[in-house]
Amino acid sequence: MSIKDIREGWYNYLKMGFNKKSIAPEFLKEVEKRANICKDCPELYTIPIDLEIVKGMCQKCKCVFPALIFAPNKRCPLGKWSV
């Protein structure tokens with residue numbers, strides 16, 4: 001994952017928190033699809049405490065969930081989802 005992907009992922013994630021309509025509807029569908037795949041993946045380590053902004057981390061690519069699913073050009077290192 002590149003610095004650009006990290007920046008875009010966090011930016012889009014936070015932007016959606018303020019105004020869901022600021023994210024294109026077709027991209028929101030992709031984010032939802034990615035989230036469902038990640039939630040079922042054994043590589044996702046979920047944080048046992050309830051944090052509003054961070055829910056977990058991918059053990060494979062070390063990206064923070066859910067920000068990682070908001071990076072438009074991010075690819076799953078296991079090939080479960082891509083751009």
# chains A, B, ... in the order shown; residues from 1 in each chain; ligands from 1
call {"tool": "select_by_dssp", "arguments": {"residues": "stretch 10-65 of chain A", "states": "alpha helix (DSSP H)", "output": "MDAnalysis selection string"}}
result
chainID A and resid 10:18 25:39
call {"tool": "residues_around", "arguments": {"residues": "A:Gly9", "least_positions_apart": "4", "cutoff": "6 Å", "atoms": "only C-alpha atoms", "output": "ChimeraX atom specification"}}
result
/A:5,67-68,70-71
call {"tool": "write_last_selection", "arguments": {"atoms": "N, CA and C atoms", "output": "PDB file, in the first residue's frame"}}
result
ATOM      1  N   ASP A   5      -2.377   5.803  -1.137  1.00  0.00           N
ATOM      2  CA  ASP A   5      -3.524   4.974  -0.773  1.00  0.00           C
ATOM      3  C   ASP A   5      -3.936   5.202   0.676  1.00  0.00           C
ATOM      4  N   ALA A  67     -10.436   2.134   7.126  1.00  0.00           N
ATOM      5  CA  ALA A  67      -9.864   3.112   6.188  1.00  0.00           C
ATOM      6  C   ALA A  67      -9.319   2.453   4.929  1.00  0.00           C
ATOM      7  N   LEU A  68      -8.791   1.232   5.054  1.00  0.00           N
ATOM      8  CA  LEU A  68      -8.186   0.581   3.886  1.00  0.00           C
ATOM      9  C   LEU A  68      -9.182   0.356   2.760  1.00  0.00           C
ATOM     10  N   PHE A  70     -11.524   2.289   1.838  1.00  0.00           N
ATOM     11  CA  PHE A  70     -11.882   3.562   1.223  1.00  0.00           C
ATOM     12  C   PHE A  70     -10.820   4.104   0.275  1.00  0.00           C
ATOM     13  N   ALA A  71      -9.719   3.396   0.110  1.00  0.00           N
ATOM     14  CA  ALA A  71      -8.677   3.813  -0.834  1.00  0.00           C
ATOM     15  C   ALA A  71      -9.045   3.257  -2.214  1.00  0.00           C
TER      16      ALA A  71
END
call {"tool": "select_by_dssp", "arguments": {"residues": "chain A", "states": "strand (DSSP E or B)", "output": "ChimeraX atom specification"}}
result
/A:44-46,56-58,64-65
call {"tool": "residues_around", "arguments": {"residues": "A:Ala35", "least_positions_apart": "2", "cutoff": "12 Å", "atoms": "only C-alpha atoms", "output": "PyMOL selection string"}}
result
chain A and resi 28-33+37-41+44+55-56+58+65-70+76+80-81
call {"tool": "write_last_selection", "arguments": {"atoms": "N, CA and C atoms", "output": "CSV table (one decimal), in the first residue's frame"}}
result
chain,number,residue,atom,x,y,z
A,28,LEU,N,-19.4,3.9,-3.0
A,28,LEU,CA,-19.9,3.4,-1.7
A,28,LEU,C,-20.3,1.9,-1.8
A,29,LYS,N,-20.8,1.5,-3.0
A,29,LYS,CA,-21.2,0.1,-3.2
A,29,LYS,C,-19.9,-0.8,-3.2
A,30,GLU,N,-18.9,-0.3,-3.8
A,30,GLU,CA,-17.6,-1.0,-3.8
A,30,GLU,C,-17.1,-1.1,-2.3
A,31,VAL,N,-17.2,0.0,-1.6
A,31,VAL,CA,-16.7,0.0,-0.2
A,31,VAL,C,-17.5,-1.0,0.6
A,32,GLU,N,-18.8,-1.1,0.4
A,32,GLU,CA,-19.6,-2.0,1.2
A,32,GLU,C,-19.2,-3.4,0.8
A,33,LYS,N,-19.0,-3.7,-0.5
A,33,LYS,CA,-18.6,-5.0,-0.9
A,33,LYS,C,-17.2,-5.4,-0.3
A,37,ILE,N,-16.3,-8.5,2.6
A,37,ILE,CA,-15.3,-9.5,2.3
A,37,ILE,C,-14.3,-9.4,3.5
A,38,CYS,N,-13.8,-8.2,3.9
A,38,CYS,CA,-12.9,-8.1,5.0
A,38,CYS,C,-13.4,-8.7,6.3
A,39,LYS,N,-14.6,-8.4,6.6
A,39,LYS,CA,-15.2,-8.8,7.9
A,39,LYS,C,-15.2,-10.3,8.0
A,40,ASP,N,-15.3,-11.0,6.9
A,40,ASP,CA,-15.3,-12.5,6.9
A,40,ASP,C,-13.9,-13.1,6.7
A,41,CYS,N,-12.9,-12.3,6.5
A,41,CYS,CA,-11.5,-12.8,6.3
A,41,CYS,C,-10.8,-13.1,7.6
A,44,LEU,N,-8.3,-10.5,9.1
A,44,LEU,CA,-8.7,-9.2,9.8
A,44,LEU,C,-8.6,-9.4,11.3
A,55,LYS,N,-11.5,-0.1,13.6
A,55,LYS,CA,-12.2,-1.3,14.0
A,55,LYS,C,-11.3,-2.5,14.0
A,56,GLY,N,-10.2,-2.4,13.2
A,56,GLY,CA,-9.2,-3.6,13.2
A,56,GLY,C,-8.1,-3.3,12.2
A,58,CYS,N,-5.7,-5.4,9.0
A,58,CYS,CA,-5.4,-6.6,8.2
A,58,CYS,C,-4.0,-7.1,8.6
A,65,PHE,N,-8.4,-1.1,9.3
A,65,PHE,CA,-9.8,-1.2,8.8
A,65,PHE,C,-10.7,-0.3,9.7
A,66,PRO,N,-11.5,0.4,9.1
A,66,PRO,CA,-12.0,0.4,7.7
A,66,PRO,C,-11.4,1.4,6.7
A,67,ALA,N,-10.4,2.1,7.1
A,67,ALA,CA,-9.9,3.1,6.2
A,67,ALA,C,-9.3,2.5,4.9
A,68,LEU,N,-8.8,1.2,5.1
A,68,LEU,CA,-8.2,0.6,3.9
A,68,LEU,C,-9.2,0.4,2.8
A,69,ILE,N,-10.4,0.1,3.1
A,69,ILE,CA,-11.4,-0.1,2.0
A,69,ILE,C,-11.9,1.1,1.3
A,70,PHE,N,-11.5,2.3,1.8
A,70,PHE,CA,-11.9,3.6,1.2
A,70,PHE,C,-10.8,4.1,0.3
A,76,CYS,N,-6.6,-5.9,-2.4
A,76,CYS,CA,-6.4,-6.9,-1.3
A,76,CYS,C,-5.2,-7.7,-1.6
A,80,LYS,N,-8.8,-10.9,-2.9
A,80,LYS,CA,-10.2,-11.1,-2.6
A,80,LYS,C,-11.0,-9.9,-3.2
A,81,TRP,N,-10.4,-8.7,-3.3
A,81,TRP,CA,-11.0,-7.6,-4.0
A,81,TRP,C,-9.9,-6.7,-4.6
call {"tool": "atom_distance", "arguments": {"atom1": "atom CA of A:Glu43", "atom2": "atom CA of A:Gln59"}}
result
5.1 Å
